[in-house]
Structures are given as C-alpha cells and as structure tokens.
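Here's protein_31.cif, which has mmCIF, C-alpha atoms:
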```cif
data_run
#
loop_
_atom_site.label_atom_id
_atom_site.label_comp_id
_atom_site.auth_asym_id
_atom_site.auth_seq_id
_atom_site.Cartn_x
_atom_site.Cartn_y
_atom_site.Cartn_z
CA MET A 106 93.75 126.28 50.53
CA ASP A 107 93.58 129.40 48.35
CA ASP A 108 96.13 131.47 50.25
CA VAL A 109 98.94 129.30 51.58
CA ASN A 110 100.91 130.75 54.43
CA PRO A 111 104.58 130.12 53.54
CA VAL A 112 105.75 130.14 57.18
CA ALA A 113 103.20 127.54 58.29
CA SER A 114 103.85 125.39 55.25
CA ALA A 115 107.65 125.52 55.66
CA PHE A 116 107.38 124.82 59.38
CA VAL A 117 105.19 121.75 58.90
CA ASN A 118 107.37 120.35 56.11
CA ALA A 119 110.58 120.81 58.14
CA ALA A 120 108.95 119.26 61.22
CA GLN A 121 107.67 116.28 59.23
CA GLU A 122 111.12 115.65 57.74
CA ALA A 123 112.80 115.77 61.16
CA PHE A 124 110.11 113.50 62.60
CA MET A 125 110.49 110.90 59.83
CA PHE A 126 114.24 110.66 60.43
CA GLU A 127 113.81 110.77 64.23
CA ASN A 128 116.00 113.87 64.40
CA GLY A 129 115.29 115.16 67.90
CA PRO A 130 117.74 118.10 67.86
CA ALA A 131 116.24 119.38 64.59
CA LEU A 132 112.74 119.18 66.07
CA ALA A 133 113.91 121.04 69.17
CA LYS A 134 115.09 123.90 66.94
CA LEU A 135 111.59 124.16 65.47
CA PHE A 136 109.42 123.74 68.57
CA VAL A 137 110.82 126.69 70.50
CA PHE A 138 108.96 128.41 73.34
CA GLY A 139 111.10 131.51 73.80
CA ASP A 140 109.30 134.88 73.81
CA GLU A 141 111.20 136.27 70.79
CA THR A 142 110.54 133.21 68.60
CA LEU A 143 106.87 133.08 69.58
CA ALA A 144 106.48 136.80 68.87
CA VAL A 145 107.88 136.35 65.34
CA LEU A 146 105.68 133.31 64.67
CA SER A 147 102.64 135.11 66.07
CA SER A 148 103.03 137.96 63.58
CA ARG A 149 103.73 135.62 60.64
CA LEU A 150 100.83 133.27 61.40
CA ALA A 151 98.21 135.86 62.36
CA ALA A 152 96.30 135.43 59.09
CA VAL A 153 95.96 131.65 59.41
CA ASP A 154 92.56 130.55 60.74
CA ASP A 155 93.01 126.79 60.62
CA PHE A 156 96.21 124.75 60.70
CA GLU A 157 94.58 121.38 60.06
CA PRO A 158 94.97 121.59 56.25
CA TYR A 159 98.72 122.18 56.71
CA VAL A 160 99.33 119.11 58.88
CA VAL A 161 97.58 116.59 56.63
CA VAL A 162 101.03 115.77 55.25
CA ALA A 163 102.12 114.45 58.66
CA SER A 164 102.84 110.73 58.61
CA ASP A 165 101.66 110.36 62.22
CA ALA A 166 98.25 111.67 63.25
CA ILE A 167 99.34 112.51 66.82
CA PHE A 168 102.39 114.37 65.55
CA GLY A 169 100.15 116.31 63.17
CA GLN A 170 97.85 117.32 66.04
CA PHE A 171 100.85 118.27 68.18
CA THR A 172 102.25 120.47 65.40
CA ALA A 173 98.88 122.16 64.80
CA ALA A 174 98.42 122.78 68.54
CA TYR A 175 101.89 124.35 68.76
CA LEU A 176 101.22 126.65 65.81
CA ARG A 177 97.88 127.73 67.29
CA TYR A 178 99.61 128.44 70.60
CA ALA A 179 102.29 130.49 68.81
CA ARG A 180 99.69 132.40 66.75
CA ASP A 181 97.59 133.33 69.79
CA ARG A 182 100.52 134.00 72.12
CA ARG A 183 100.32 137.77 72.01
CA ARG A 184 96.55 138.20 72.13
CA ALA A 185 95.63 135.42 74.57
CA GLY A 186 95.43 136.07 78.30
CA ALA A 187 97.55 134.25 80.85
CA GLU A 188 94.94 131.60 81.59
CA ASP A 189 94.02 131.00 77.94
CA GLY A 190 97.68 130.81 76.95
CA HIS A 191 98.41 128.33 79.72
CA ARG A 192 95.39 126.24 78.70
CA GLN A 193 96.67 126.10 75.11
CA LEU A 194 100.15 125.16 76.27
CA CYS A 195 98.72 122.34 78.40
CA ARG A 196 97.02 121.02 75.27
CA VAL A 197 100.37 121.07 73.47
CA ALA A 198 101.93 119.19 76.40
CA GLU A 199 99.12 116.61 76.49
CA LEU A 200 99.61 115.82 72.80
CA PHE A 201 103.36 115.57 73.34
CA VAL A 202 102.74 113.08 76.17
CA ALA A 203 100.73 110.95 73.75
CA LEU A 204 103.45 111.27 71.11
CA LEU A 205 106.18 110.35 73.59
CA GLY A 206 104.28 107.23 74.62
CA ARG A 207 104.26 106.01 70.99
CA SER A 208 107.96 106.62 70.39
CA GLN A 209 110.92 104.31 71.00
CA GLY A 210 114.29 105.46 72.28
CA PRO A 211 115.48 108.83 73.58
CA TRP A 212 115.34 110.83 70.34
CA LEU A 213 112.39 113.00 71.47
CA LEU A 214 114.13 114.09 74.69
CA PRO A 215 115.41 117.41 73.24
CA VAL A 216 111.80 118.39 72.48
CA LEU A 217 110.74 117.10 75.88
CA ARG A 218 113.04 119.56 77.61
CA ALA A 219 111.58 122.50 75.71
CA VAL A 220 107.96 121.46 76.31
CA VAL A 221 108.19 120.78 80.06
CA LEU A 222 110.28 123.87 80.77
CA ALA A 223 107.71 126.00 78.96
CA LEU A 224 104.91 124.26 80.87
CA CYS A 225 106.50 124.90 84.28
CA GLY A 226 107.35 128.50 83.39
CA SER A 227 103.78 129.13 82.26
CA ALA A 228 102.40 127.55 85.45
CA GLN A 229 104.63 129.81 87.56
CA ALA A 230 103.59 132.96 85.66
CA THR A 231 99.89 132.09 85.55
CA GLY A 232 99.84 131.06 89.21
CA ALA A 233 101.49 134.34 90.21
CA GLN A 234 98.88 136.35 88.28
CA THR A 235 95.76 134.42 89.26
CA GLY A 236 96.74 132.95 92.63
CA ASP A 237 95.17 129.66 91.53
CA SER A 238 97.09 126.54 92.60
CA ALA A 239 95.15 124.47 90.04
CA VAL A 240 97.69 125.42 87.36
CA PHE A 241 100.44 123.75 89.39
CA THR A 242 98.30 120.67 89.92
CA GLN A 243 97.68 120.38 86.18
CA ALA A 244 101.37 120.82 85.38
CA ALA A 245 102.35 118.26 88.04
CA SER A 246 99.84 115.76 86.63
CA LEU A 247 101.31 116.08 83.13
CA LEU A 248 104.86 115.76 84.45
CA LEU A 249 103.85 112.68 86.41
CA ARG A 250 102.46 111.05 83.25
CA ILE A 251 105.68 111.84 81.40
CA LEU A 252 107.85 110.46 84.20
CA ILE A 253 105.84 107.24 84.36
CA ASP A 254 106.36 106.78 80.61
CA LEU A 255 110.10 107.48 80.87
CA LEU A 256 110.64 105.08 83.76
CA GLY A 257 108.63 102.40 81.97
CA ASP A 258 111.24 102.09 79.20
CA SER A 259 113.18 98.90 79.99
CA CYS A 260 115.84 99.31 77.28
CA PRO A 261 119.49 99.84 78.29
CA LEU A 262 119.91 103.30 79.76
CA GLU A 263 122.04 104.62 76.88
CA SER A 264 119.24 103.92 74.37
CA SER A 265 116.31 104.49 76.73
CA LYS A 266 113.89 107.31 77.41
CA ARG A 267 114.91 106.96 81.06
CA ALA A 268 117.81 109.28 80.23
CA GLY A 269 115.33 112.16 80.69
CA ALA A 270 113.93 110.90 83.99
CA VAL A 271 116.19 112.93 86.33
CA PHE A 272 115.38 116.17 84.50
CA VAL A 273 111.61 115.57 84.59
CA ALA A 274 111.69 114.32 88.20
CA ALA A 275 113.33 117.59 89.32
CA LEU A 276 110.56 119.62 87.69
CA LEU A 277 107.91 117.32 89.15
CA LEU A 278 109.30 117.88 92.65
CA ARG A 279 109.33 121.62 91.96
CA MET A 280 105.68 121.67 90.87
CA SER A 281 104.57 119.30 93.65
CA LEU A 282 105.70 121.82 96.27
CA ARG A 283 103.31 124.41 94.79
CA THR A 284 100.18 122.24 94.57
CA SER A 285 97.42 122.25 97.17
CA ALA A 286 97.79 118.48 97.57
CA ALA A 287 100.28 116.82 99.90
CA PRO A 288 103.75 116.87 98.24
CA GLY A 289 104.00 113.09 98.35
CA ALA A 290 100.94 112.76 96.12
CA TYR A 291 103.08 113.66 93.12
CA ALA A 292 106.62 113.32 94.46
CA SER A 293 106.52 109.61 95.30
CA LYS A 294 107.27 108.68 91.67
CA ALA A 295 110.09 111.21 91.52
CA LEU A 296 111.81 109.46 94.43
CA GLU A 297 112.30 106.35 92.28
CA VAL A 298 114.85 108.28 90.21
CA ARG A 299 117.35 108.34 93.12
CA SER A 300 118.69 104.91 92.15
CA LEU A 301 119.45 105.89 88.55
CA ALA A 302 123.09 106.66 87.83
CA GLY A 303 125.44 106.83 84.88
CA PRO A 304 126.90 109.19 82.27
CA ALA A 305 123.48 109.55 80.63
CA PHE A 306 122.58 112.08 83.33
CA SER A 307 124.32 115.44 83.23
CA ARG A 308 125.76 117.16 86.26
CA ARG A 309 123.27 119.98 85.73
CA ASP A 310 120.29 117.60 85.91
CA ARG A 311 121.70 115.81 88.95
CA THR A 312 122.30 119.11 90.76
CA SER A 313 118.81 120.38 90.00
CA TYR A 314 117.25 117.08 91.11
CA SER A 315 119.20 117.07 94.38
CA TYR A 316 118.16 120.65 95.11
CA TRP A 317 114.44 120.00 94.66
CA LEU A 318 114.66 116.63 96.40
CA GLY A 319 116.34 118.35 99.35
CA ARG A 320 113.56 120.92 99.48
CA TYR A 321 110.95 118.15 99.36
CA TYR A 322 112.65 116.34 102.26
CA LEU A 323 112.80 119.60 104.22
CA VAL A 324 109.05 120.15 103.83
CA CYS A 325 108.50 116.56 105.05
CA TYR A 326 110.84 117.19 108.06
CA TYR A 327 113.38 114.60 106.86
CA VAL A 328 116.13 116.98 107.89
CA ASP A 329 119.18 114.70 107.57
CA LEU A 330 118.11 113.53 104.10
CA ALA A 331 117.50 117.16 103.14
CA ARG A 332 120.98 118.16 104.30
CA GLU A 333 122.56 115.35 102.30
CA GLN A 334 120.84 116.39 99.07
CA LEU A 335 121.31 120.13 99.55
CA GLU A 336 125.00 119.75 100.43
CA TYR A 337 125.53 117.75 97.22
CA ALA A 338 123.66 120.39 95.19
CA PHE A 339 125.65 123.23 96.77
CA GLY A 340 128.97 121.49 96.11
CA ALA A 341 128.08 120.41 92.57
CA CYS A 342 126.74 123.80 91.52
CA PRO A 343 129.49 125.69 89.63
CA ALA A 344 131.13 128.55 91.52
CA TRP A 345 130.26 131.02 88.78
CA HIS A 346 126.54 130.26 89.18
CA TYR A 347 126.35 132.63 92.13
CA ARG A 348 122.57 133.06 92.08
CA ASN A 349 121.86 129.33 92.19
CA LYS A 350 124.40 128.66 94.96
CA ARG A 351 122.80 131.44 96.97
CA ALA A 352 119.33 129.90 96.49
CA ILE A 353 120.59 126.48 97.61
CA LEU A 354 122.36 128.00 100.61
CA ARG A 355 119.14 129.53 101.95
CA HIS A 356 117.60 126.09 102.41
CA LEU A 357 120.87 124.46 103.48
CA ILE A 358 121.21 127.00 106.31
CA ALA A 359 117.69 126.13 107.51
CA ALA A 360 118.39 122.38 107.39
CA ASN A 361 121.73 122.75 109.18
CA MET A 362 120.31 125.03 111.86
CA ILE A 363 117.79 122.37 112.86
CA ARG A 364 120.74 120.03 113.41
CA GLY A 365 122.69 122.62 115.40
CA ARG A 366 125.11 123.71 112.66
CA LEU A 367 125.31 127.46 112.12
CA PRO A 368 126.74 129.37 109.14
CA THR A 369 129.94 131.35 109.59
CA GLN A 370 130.09 135.09 109.04
CA ARG A 371 132.56 134.47 106.22
CA LEU A 372 130.11 132.22 104.37
CA LEU A 373 127.24 134.66 104.80
CA ALA A 374 129.38 137.53 103.55
CA LYS A 375 130.70 135.54 100.57
CA TYR A 376 127.21 134.99 99.20
CA ASP A 377 125.81 138.32 100.39
CA MET A 378 123.05 136.63 102.37
CA GLU A 379 120.28 138.71 103.87
CA PRO A 380 121.23 140.23 107.28
CA VAL A 381 118.49 138.22 108.99
CA TYR A 382 120.56 135.02 108.65
CA ALA A 383 123.39 136.49 110.74
CA GLU A 384 120.85 137.68 113.33
CA LEU A 385 119.18 134.25 113.49
CA ALA A 386 122.55 132.53 113.94
CA ARG A 387 123.54 134.97 116.71
CA CYS A 388 120.25 134.51 118.61
CA PHE A 389 120.34 130.73 118.16
CA ARG A 390 123.87 130.49 119.53
CA ARG A 391 123.01 132.58 122.60
CA GLY A 392 119.65 130.92 123.23
CA ASN A 393 117.82 134.19 122.68
CA VAL A 394 114.41 132.71 121.85
CA ALA A 395 112.58 136.05 121.79
CA GLY A 396 115.21 137.68 119.54
CA PHE A 397 115.15 134.71 117.16
CA GLU A 398 111.38 134.88 116.82
CA ARG A 399 111.43 138.65 116.29
CA ALA A 400 114.00 138.33 113.51
CA LEU A 401 112.10 135.46 111.90
CA VAL A 402 108.71 137.22 112.02
CA GLY A 403 110.32 140.42 110.75
CA SER A 404 111.36 138.54 107.59
CA MET A 405 108.22 136.41 107.39
CA GLU A 406 107.63 137.05 103.68
CA LEU A 407 111.15 135.91 102.78
CA PHE A 408 110.90 132.65 104.71
CA ARG A 409 107.30 131.96 103.73
CA ALA A 410 108.27 132.26 100.07
CA GLN A 411 110.98 129.67 100.71
CA GLY A 412 108.63 127.42 102.66
CA ASN A 413 110.93 127.50 105.71
CA PHE A 414 109.09 129.85 108.08
CA LEU A 415 107.18 127.29 110.16
CA LEU A 416 110.08 124.86 109.97
CA LEU A 417 112.47 127.32 111.62
CA LEU A 418 109.83 128.61 114.04
CA GLU A 419 108.87 125.17 115.34
CA ARG A 420 112.03 123.08 115.07
CA THR A 421 114.63 125.46 116.52
CA LYS A 422 112.95 126.58 119.74
CA LEU A 423 113.77 123.43 121.70
CA LEU A 424 117.39 123.62 120.58
CA MET A 425 117.66 127.19 121.82
CA PHE A 426 116.32 126.19 125.24
CA ARG A 427 119.05 123.55 125.23
CA ASN A 428 121.63 126.27 124.54
CA VAL A 429 120.26 128.33 127.43
CA LEU A 430 120.61 125.37 129.77
CA GLN A 431 124.09 124.61 128.49
CA ARG A 432 125.25 128.19 129.08
CA MET A 433 123.88 128.06 132.63
CA CYS A 434 125.88 124.90 133.35
CA ARG A 435 129.05 126.39 131.88
CA ILE A 436 128.72 129.36 134.23
CA HIS A 437 128.52 126.98 137.21
CA ALA A 438 131.07 124.50 135.85
CA GLY A 439 133.16 122.94 138.60
CA SER A 440 130.47 123.30 141.24
CA GLU A 441 127.60 121.02 142.15
CA ARG A 442 125.18 123.51 140.56
CA GLY A 443 126.77 122.63 137.22
CA LYS A 444 125.29 119.12 137.41
CA ILE A 445 122.27 119.46 139.70
CA VAL A 446 120.20 122.49 138.67
CA ALA A 447 117.20 123.81 140.57
CA TYR A 448 113.97 124.39 138.68
CA ARG A 449 113.76 127.96 139.91
CA ASP A 450 117.11 128.81 138.25
CA ILE A 451 116.08 127.17 134.98
CA LEU A 452 112.70 128.93 135.04
CA THR A 453 114.37 132.31 135.50
CA ALA A 454 116.74 131.63 132.58
CA PHE A 455 113.90 130.51 130.32
CA GLN A 456 111.81 133.56 131.24
CA VAL A 457 114.71 135.83 130.29
CA ALA A 458 115.35 133.94 127.03
CA THR A 459 111.73 134.19 125.95
CA GLN A 460 111.09 137.58 127.57
CA ASN A 461 107.98 135.97 128.98
CA PRO A 462 107.72 136.45 132.75
CA ALA A 463 104.38 134.59 132.70
CA MET A 464 106.08 131.25 131.93
CA ASP A 465 105.39 128.90 134.82
CA THR A 466 107.11 125.83 136.24
CA LEU A 467 104.77 123.42 134.44
CA GLU A 468 105.64 124.83 131.02
CA MET A 469 109.33 124.89 131.89
CA GLU A 470 109.25 121.27 133.07
CA SER A 471 107.53 120.15 129.86
CA ILE A 472 110.38 121.74 127.88
CA LEU A 473 112.94 119.91 130.03
CA ALA A 474 111.02 116.64 129.56
CA SER A 475 111.17 117.10 125.78
CA LEU A 476 114.91 117.81 125.90
CA VAL A 477 115.58 114.68 127.97
CA SER A 478 113.23 112.39 126.04
CA GLN A 479 114.79 113.42 122.71
CA LYS A 480 118.28 112.93 124.23
CA LEU A 481 119.25 116.51 123.50
CA VAL A 482 120.10 116.66 127.21
CA LEU A 483 121.24 113.61 129.16
CA GLY A 484 119.96 113.51 132.71
CA TYR A 485 116.95 112.94 134.97
CA LEU A 486 114.09 115.08 136.22
CA PHE A 487 113.17 114.95 139.91
CA HIS A 488 109.66 116.36 139.92
CA HIS A 489 109.03 116.41 143.67
CA GLN A 490 112.49 117.79 144.51
CA ARG A 491 112.21 120.24 141.56
CA LEU A 492 115.70 119.41 140.34
CA LEU A 493 117.38 118.50 137.06
CA ASN A 494 120.22 116.01 137.54
CA LEU A 495 122.55 116.11 134.54
CA SER A 496 124.83 113.32 133.37
CA ARG A 497 128.33 113.48 134.82
CA LYS A 498 130.03 112.53 131.57
CA MET A 499 128.39 114.31 128.63
CA ALA A 500 125.19 116.10 129.52
CA PHE A 501 124.95 117.91 126.16
CA PRO A 502 125.75 115.57 123.23
CA ALA A 503 126.36 117.11 119.81
CA ILE A 504 123.00 117.95 118.24
CA ALA A 505 124.14 116.66 114.86
CA ARG A 506 124.64 113.18 116.36
CA VAL A 507 121.33 112.97 118.25
CA GLY A 508 119.07 110.37 116.71
CA VAL A 509 121.79 109.06 114.37
CA ALA A 510 122.44 105.34 114.72
CA ALA A 511 126.03 104.37 115.47
CA PRO A 512 127.76 102.27 112.76
CA ARG A 513 127.80 98.54 113.43
CA LYS A 514 131.07 96.87 114.19
CA ALA A 515 132.20 94.23 111.73
#
```

Would you kindly transcribe this structure into structure tokens?
Amino acid sequence: MDDVNPVASAFVNAAQEAFMFENGPALAKLFVFGDETLAVLSSRLAAVDDFEPYVVVASDAIFGQFTAAYLRYARDRRRAGAEDGHRQLCRVAELFVALLGRSQGPWLLPVLRAVVLALCGSAQATGAQTGDSAVFTQAASLLLRILIDLLGDSCPLESSKRAGAVFVAALLLRMSLRTSAAPGAYASKALEVRSLAGPAFSRRDRTSYSYWLGRYYLVCYYVDLAREQLEYAFGACPAWHYRNKRAILRHLIAANMIRGRLPTQRLLAKYDMEPVYAELARCFRRGNVAGFERALVGSMELFRAQGNFLLLLERTKLLMFRNVLQRMCRIHAGSERGKIVAYRDILTAFQVATQNPAMDTLEMESILASLVSQKLVLGYLFHHQRLLNLSRKMAFPAIARVGVAAPRKA
C-alpha cells in the first residue's frame, strides 16, 4: 500500500489486539453502529478503496473479513441507499454469526448486542421506506441462527454464550411479528428461553423478552399467557421509563379486555392514554356493540399498527352481548323474567346494542348458543318455546375465570 490510511490501520490494529486477548468490551467500543460514529468513520475512510490489505494482520480469517466488512459499511454509510446499506449490514451480521460460532465463552456478547441492535434498527428503517417484509425475514433468519448457536453452548451459564439468549430471543420475537411468515416459524426457538433463569440475565433483558413474548401470545390468541407476560413486563419496567410502560399498557389493556377486565380512568389518565381507550371501556361495560365498533374503526390505524385491531374486533363482541344480557336480567331481578327471558326481549336488546334492526331471531339465537357453550352464560336454550332459562345460582360467572381449570385438592 502506497498511501496508508491511518484511521483504517489504527482501527484494525486495535481490533486485532482486543480479539487476541478476547476483550469483548474493547471490541464493542470499536464496532459501533451509532450515526455519529459512522459519519466520522465515513469521512475518514472515504479515500480507501480496498480494506483487504489492512486486515491481513488479523490472526483469524473470519475476524479479518468481519472487520473489513464493517469498515466498508462505515465508509459507504452516507452515500449508500437504504436497501444497499441494509444489505451491507446483513453481510456484517452474517460474518459475525460465523465468528460467534467459532468462539468459546461469552466474551463476544458485547459486540453481539451492538450488531443485532443495528440489524433490527436497519430492518425497521428499510422496511418503513420500501414496504418490503423481506428485510424482516432476513433479519429474523440471522437472529434465529445466532439464537441456535447461543442455546447450543452447554457450558455452565456463567461462562456460557447462553447469557445472551434472552436478549436475542426478544429481538427475534420482535422481528418475527413483522415477517410475512407465520410468527411461530421463527418464534418457536425463542420460546425455549422461557426456562432460563439466573443472575446472568438482566432485568432489562427479562422485561423486554416478556413484552415481546406477550405480544406474540396475543397474536396467537393465547390471551391468558399474554396477560401473564405483559403484566410482568409492566411491573418490571421502571416507573421513570414512561414511554415503555405506556407501550406495554396498550397491549395489556387489549389482553385484559378480552378477559373482561377494564382499565380505570385513573390508570388511563396517569399514562395519558389515547381517548379511544376510555371510550372502548365505556362501550364495553354498557354492552354498546355499535359504539365500540365505531370507536375501534375510528382509530383503526392506531390499533392496526399495534396488531390488536382484529383481536379487539372479533374477541370482544360476544362479551358485550353477555353484558347486554346481564343488564337485562339486573333490571328484572327479583321477578321470573330475571331467570326466564323471552327471545323477543333479548332480540330487541341486541338490536338496540348493535343498532341493527335487521338482526333476526336466528342470528340472536346463535349468539346465545355461543355464550352458553363457552360457559360465559350458564343456562339452557328452549328453541321451540323461544326462551332462555338462566341458572338460579350464578348465571353470569366472572369472565376472567371462564375456561380456567380449578386447582386440584391435595
């Protein structure tokens, strides 16, 4: 090399020294993906055409290729388009996956965090610009390969690469929700991390993992599992992290609503939630099906971005019909009409709730059959007599307890 670039030469020498001594934190200070650092490197490395002559000093061929790929990515950062930049970053990540597979112990985990965070951030930005879900699929595939390598380390957890598994699994769940494939295609491996525990995993990583796992369960309609994970994430998230608690609460409200638990006005006000949540809770409580759907459709973009629009639209309607029926029975409490209800009265109430006068007896009876079969209402339908006979003891069991197995006696 006639003209040696001092920045490239110093970078490679420092990286090689840190690699030889397995100094992960020192490597993480070199392989930085922040915009300011990349902008400085881009200007300092602009005159370098080929980084291969610089990395010949690397003691490991894969590490040399990884270093050269990073420097090329940094050099072209400002002039490359979103897709080209993401493609280069994927190449950096692929070489890091190969490097991680050859290493022993957790010393590369600090660099791992920087690489995968940059990869996910680039996928988000590129996907938003191009609208192509392939970038998320590619990112999820790389994360899956990394997670498989981490979980394959059988050393004791304190000296194992598995210490990074919770962090990577959270990002894998996040990317899997954006791919065009079924979430389980990538998320199944991330579920294996649930059994890992110990001081090797930070509270931050556990909270992030629980949040994305809860969102995954919600998409799969595992509502009770989703509530469990989201409630842990909401409680574990520090109070000062207002923005994150608010993001968790959006999905927790959806999960709780499907199980009949509504947010209080105090909670909504504390986190300055969008007004639509208060309107949804009010309509749900009153059994106002038409009002609930209007409010939901009016904020369709908000709930579609969260992935909760269809969930709330489909899974709450039956519960609101239950609330309508329950309010009817409370009005006639103490009389025989409170336990034996005529179809014509129920049909009128359902027509008012939906603001759909065209609803007929057949549709109404199918709704009642669903309520009874799912044990949301305890009673019997008398088709020929056109009557609903409700249980004398507890016709409307708590929604949160429906479908939950009672604990076995010792």

task: Provide the atom CA of Met280 of chain A to atom CA of Leu224 of chain A distance in Å, to one decimal place.
output: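 Taking atom CA of Met280 of chain A as the start and atom CA of Leu224 of chain A as the end point, the length is 10.4 Å.
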
message: Suppose a student applies the PyMOL selection byres ((chain A and resi 133) around 12) to this structure; what residues should they get, written as a PyMOL selection string?
response: chain A and resi 119-120+123-124+127-132+134-139+212-220

- request: Please provide the set of residues having any atom within 9 Å of Phe389 of chain A, restricted to only C-alpha atoms, with same-chain residues fewer than 2 positions apart removed, written as an MDAnalysis selection string.
  value: chainID A and resid 362 365 367 384:387 391:394 396:397 421:422 424:425 428

Can you list every residue of segment 189-288 of chain A that has an atom at most 8 Å from segment 304-318 of chain A, with its nearest atom pair and the distance in Å to one decimal, using only C-alpha atoms, ordered by chain then number, as a tab-separated table?
```
residue	atom	partner	partner_atom	distance
A:Leu262	CA	A:Ala305	CA	7.3
A:Glu263	CA	A:Ala305	CA	6.4
A:Ala268	CA	A:Ala305	CA	5.7
A:Gly269	CA	A:Phe306	CA	7.7
A:Val271	CA	A:Asp310	CA	6.2
A:Phe272	CA	A:Asp310	CA	5.3
A:Ala274	CA	A:Tyr314	CA	6.9
A:Ala275	CA	A:Tyr314	CA	4.3
A:Leu276	CA	A:Tyr314	CA	7.9
A:Leu278	CA	A:Trp317	CA	5.9
A:Arg279	CA	A:Trp317	CA	6.0
```

- request: Would you be able to write out as a ChimeraX atom specification which residues have an atom within 12 Å of (124.5, 130.4, 96.2) in the file's coordinates, counting all atoms listed in the file?
  value: /A:316,335-336,338-358,372-378

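Coordinates place atom CA of Leu483 of chain A at a distance of 18.2 Å from atom CA of Asp450 of chain A.
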
message: Excluding Leu256 of chain A and its own-chain neighbours fewer than 5 positions away, which residues fall within 10 Å of it when counting only C-alpha atoms? Please give them as a list in words.
response: Ile251, Ser265, Lys266, Arg267, Ala268, Gly269, Ala270, Val271, Lys294, Ala295, Glu297 and Val298 of chain A

query: So which residues are close to (95.0, 124.7, 93.1), meaning at most 12 Å away in the file's coordinates with all atoms listed in the file counted, and can you show them as a ChimeraX atom specification?
result: /A:228,231-233,235-245,280-287

message: As an exercise, work out the distance from atom CA of Arg371 of chain A to atom CA of Ala383 of chain A in Å and give it to one decimal place.
response: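 Taking atom CA of Arg371 of chain A as the start and atom CA of Ala383 of chain A as the end point, the length is 10.4 Å.
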
- request: Go through A:Ala395, A:Arg427, A:Arg366, A:Arg184 one by one, measure the shortest atom-to-atom distance of each to Val457 of chain A using only C-alpha atoms, and give the residue with the smallest value.
  value: A:Ala395

Evaluate the PyMOL selection byres ((chain A and resi 193) around 12) against this structure - the residues, as a PDB file with C-alpha atoms, keeping the file's coordinate frame, please.
```
ATOM      1  CA  PHE A 171     100.850 118.270  68.180  1.00  0.00           C
ATOM      2  CA  ALA A 173      98.880 122.160  64.800  1.00  0.00           C
ATOM      3  CA  ALA A 174      98.420 122.780  68.540  1.00  0.00           C
ATOM      4  CA  TYR A 175     101.890 124.350  68.760  1.00  0.00           C
ATOM      5  CA  LEU A 176     101.220 126.650  65.810  1.00  0.00           C
ATOM      6  CA  ARG A 177      97.880 127.730  67.290  1.00  0.00           C
ATOM      7  CA  TYR A 178      99.610 128.440  70.600  1.00  0.00           C
ATOM      8  CA  ALA A 179     102.290 130.490  68.810  1.00  0.00           C
ATOM      9  CA  ARG A 180      99.690 132.400  66.750  1.00  0.00           C
ATOM     10  CA  ASP A 181      97.590 133.330  69.790  1.00  0.00           C
ATOM     11  CA  ARG A 182     100.520 134.000  72.120  1.00  0.00           C
ATOM     12  CA  ALA A 185      95.630 135.420  74.570  1.00  0.00           C
ATOM     13  CA  GLY A 186      95.430 136.070  78.300  1.00  0.00           C
ATOM     14  CA  ALA A 187      97.550 134.250  80.850  1.00  0.00           C
ATOM     15  CA  GLU A 188      94.940 131.600  81.590  1.00  0.00           C
ATOM     16  CA  ASP A 189      94.020 131.000  77.940  1.00  0.00           C
ATOM     17  CA  GLY A 190      97.680 130.810  76.950  1.00  0.00           C
ATOM     18  CA  HIS A 191      98.410 128.330  79.720  1.00  0.00           C
ATOM     19  CA  ARG A 192      95.390 126.240  78.700  1.00  0.00           C
ATOM     20  CA  LEU A 194     100.150 125.160  76.270  1.00  0.00           C
ATOM     21  CA  CYS A 195      98.720 122.340  78.400  1.00  0.00           C
ATOM     22  CA  ARG A 196      97.020 121.020  75.270  1.00  0.00           C
ATOM     23  CA  VAL A 197     100.370 121.070  73.470  1.00  0.00           C
ATOM     24  CA  ALA A 198     101.930 119.190  76.400  1.00  0.00           C
ATOM     25  CA  GLU A 199      99.120 116.610  76.490  1.00  0.00           C
ATOM     26  CA  LEU A 200      99.610 115.820  72.800  1.00  0.00           C
ATOM     27  CA  ALA A 223     107.710 126.000  78.960  1.00  0.00           C
ATOM     28  CA  LEU A 224     104.910 124.260  80.870  1.00  0.00           C
ATOM     29  CA  SER A 227     103.780 129.130  82.260  1.00  0.00           C
ATOM     30  CA  ALA A 228     102.400 127.550  85.450  1.00  0.00           C
TER      31      ALA A 228
END
```

field: Nearest to Asn494 of chain A by atom-to-atom distance, counting all atoms listed in the file, from A:Leu423, A:Gln411, A:Ala447, A:Arg364
entry: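 Among the listed residues, A:Ala447 lies closest to Asn494 of chain A.
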
Close residues, Ser114 of chain A itself excluded, 9 Å, only C-alpha atoms, min 5 positions apart in chain, as a PDB file with C-alpha atoms, in the coordinates of the input:
```
ATOM      1  CA  VAL A 109      98.940 129.300  51.580  1.00  0.00           C
ATOM      2  CA  ALA A 119     110.580 120.810  58.140  1.00  0.00           C
ATOM      3  CA  TYR A 159      98.720 122.180  56.710  1.00  0.00           C
ATOM      4  CA  VAL A 160      99.330 119.110  58.880  1.00  0.00           C
TER       5      VAL A 160
END
```

message: Under the PyMOL selection byres ((chain A and resi 485) around 9), which residues of this model are included? Write them out as a ChimeraX atom specification.
response: /A:474,477,483-484,486-487,492-496

message: Report as number ranges by chain all protein, DNA and RNA residues lying within 7 Å of segment 202-207 of chain A, evaluated on only C-alpha atoms, omitting residues in the same chain fewer than 5 positions from it.
response: A: 167-168, 251, 254

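Closest to Phe201 of chain A among A:Leu323, A:Val221, A:Val429, A:Leu452 is A:Val221, based on only C-alpha atoms.
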
Option closest in space to Ile504 of chain A, from A:Asn361, A:Ser300, A:Ser478, A:Gln490 [counting all atoms listed in the file]: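 Looking only at the distances to Ile504 of chain A, the closest residue turns out to be A:Asn361.
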
Distance query segment 464-466 of chain A at most 9 Å, all atoms listed in the file, self and fewer than 6 positions along chain excluded, as a PDB file with C-alpha atoms, keeping the file's coordinate frame:
```pdb
ATOM      1  CA  TYR A 448     113.970 124.390 138.680  1.00  0.00           C
ATOM      2  CA  ARG A 449     113.760 127.960 139.910  1.00  0.00           C
ATOM      3  CA  LEU A 452     112.700 128.930 135.040  1.00  0.00           C
ATOM      4  CA  PHE A 455     113.900 130.510 130.320  1.00  0.00           C
ATOM      5  CA  GLN A 456     111.810 133.560 131.240  1.00  0.00           C
TER       6      GLN A 456
END
```

field: Nearest residue to Pro158 of chain A from the set A:Asp108, A:Glu379, A:Asp140, A:Glu419 (distances using only C-alpha atoms)
entry: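 Among the listed residues, A:Asp108 lies closest to Pro158 of chain A.
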